[in-house]
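Structure record follows, encoded as structure tokens.
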Amino acid sequence: MPENAVSDAYSRRAREYAEALGQISATAPADRDTIAAWALACGGPVVDLGCGPGQWTAYLDALGAKASGVDPSQAFIGIARAEHPGVGFTAGTAADAPPGGAAGVLAWYSLIHVPPERLGEELAAVRRLLRPGGRLLAGFFAADTVAPFDHAVTRAWTWTPEWITERLEEAGLAVEHVRRRQDPGAREHGEVWAVLPSGGTVGRRVTDVIGGPSWVLSGETLDPVITDLPAFRAGLAHDPLAGAIEALWTGRVAEARVLLHGAQPTVRTRALLADCDRRSGDAGAAVSALRSLLAEHEDDRWAPVLRQHLGKALLAVGEVDAARRELRLALEARLEAGADAGLLASSRQALARTGLGVGPRTPTGPAGTGD
């Protein structure tokens, strides 16, 4: 569901919502205890993401937690400013808040309207707000399945503890614990505590992606691995680069390089030669070659593929931020073009290796990309 549709739905009912739920006295005592303890333990500024009419922001600010609120609904921000003068409120999203300065981000039932396939992008934005060691506390509707339901304002989703744990870990956040609670007359409550590790930049538990019936993309190396050689050969029987690709994907890099130098110098051939550089330990040369290729093809159909290859090469030389940018641009272009599941899966897998996973894992997809 588009973000503006959710914001519009809340804006239309902002006054009604604020009158019913906009006072801290309307919240559960257990939630007040949990959120107060979490915020004070953060030891620095806290961003209340999706703050609504600002009751939690004001509550934490009164406790000395240096809280500020952010919400995309101008109507909510207007109410929050009127009800809680002296507390900082901003109309916008996580993208509008200063990066890297938050000791904590409170996302109390503010991510529940994000479709599951887009939650990774939201968690990436949350991660961007946190400084190393910063903490996230998120409230959600807990259930045994990830499924949509008709929320009082607009469609929302339930999460399972296992599913949200995986999404957070893909986004580079270490989950400390997940709790569930059943209050009388209410949907089951869930809360998850996570932290941005001080030293790590690479996401955890990145899984393999099945590229086809005969090969996978390794979650550890991001490189294709052939799992059924006869089937692989049959699938590439009419591909003029089949021998070079087989050699490259089975670790015979020198042989692959010879075969590629003997082929026509197409975009695909040149990209594979850059992969030879990266796999042979000269990732710097791969970066240079792929940047040159991208400059030639930035506005055509090759751009997402080249950005994907460049992102991997940048990761190999330790330029994580630059890699993240190229991989995100590749994913955005593929989403816009309606790319197949295999291409989207490879993009999400690579982003997860940078600590900014996007969306749920996509375990299968058609072969042939070599991403």
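Identifiers in the structure tokens: chain A, B, ... in order shown; residue index from 1 per chain; ligand index from 1 in order shown.
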
Name the residues of range 128-311 of chain A that fall into alpha helix (DSSP H) according to DSSP on the backbone, using the chain letters and numbers of this document, as number ranges by chain. A: 128-129, 161-170, 229-235, 242-249, 253-261, 267-279, 283-297, 303-311

Who sits within 12 Å of Ala37 in chain A, only C-alpha atoms, same chain under 2 positions skipped, as a ChimeraX atom specification: /A:30-35,39-43,60,63-65,104,137,193

Neighbours of range 79-82 of chain A within 10 Å (only C-alpha atoms; same-chain residues fewer than 3 positions away dropped), as a PyMOL selection string? chain A and resi 14-15+18+22+51-55+57-58+69+71+74-76+85-90

Keeping C-alpha atoms for every residue in the selection just given, could you write it to a file as a tab-separated table (two decimals), in the first residue's frame?
chain	number	residue	atom	x	y	z
A	14	ALA	CA	-6.73	12.21	12.87
A	15	ARG	CA	-8.99	14.17	15.22
A	18	ALA	CA	-6.46	11.62	18.84
A	22	GLY	CA	-4.09	10.31	21.85
A	51	CYS	CA	4.34	9.33	16.28
A	52	GLY	CA	0.68	10.08	15.44
A	53	PRO	CA	-0.74	12.68	17.85
A	54	GLY	CA	2.48	12.54	19.87
A	55	GLN	CA	1.47	10.91	23.14
A	57	THR	CA	6.89	11.30	22.20
A	58	ALA	CA	5.69	13.64	24.95
A	69	GLY	CA	8.40	12.66	16.78
A	71	ASP	CA	4.89	11.28	11.17
A	74	GLN	CA	0.38	16.73	8.59
A	75	ALA	CA	-2.90	16.48	10.50
A	76	PHE	CA	-1.28	14.39	13.22
A	85	PRO	CA	4.29	22.48	22.87
A	86	GLY	CA	8.00	22.38	23.47
A	87	VAL	CA	8.38	18.86	22.06
A	88	GLY	CA	9.92	18.51	18.60
A	89	PHE	CA	7.68	17.13	15.85
A	90	THR	CA	8.43	16.83	12.13

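Compared by their closest atoms to Val225 in chain A, and using only C-alpha atoms, the residues A:Trp157, A:Leu248, A:Thr93, A:Pro184 rank with A:Leu248 nearest.
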
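If you count only C-alpha atoms and ignore residues fewer than 5 places along the chain from Thr154 in chain A, what sits within 8 Å of it is A:Val6, A:Ala9, A:His113.
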
Output file for the selection above: C-alpha atoms, as a PDB file, in the first residue's frame:
ATOM      1  CA  VAL A   6      -1.853   5.236   4.641  1.00  0.00           C
ATOM      2  CA  ALA A   9      -6.342   7.429   5.726  1.00  0.00           C
ATOM      3  CA  HIS A 113       0.709  -0.969   7.420  1.00  0.00           C
TER       4      HIS A 113
END

Identify, on the basis of only C-alpha atoms, every residue whose closest approach to Leu294 in chain A does not exceed 8 Å; exclude the query and any residue fewer than 4 positions from it along the same chain; express the result as a ChimeraX atom specification. /A:290,298,303,306-307
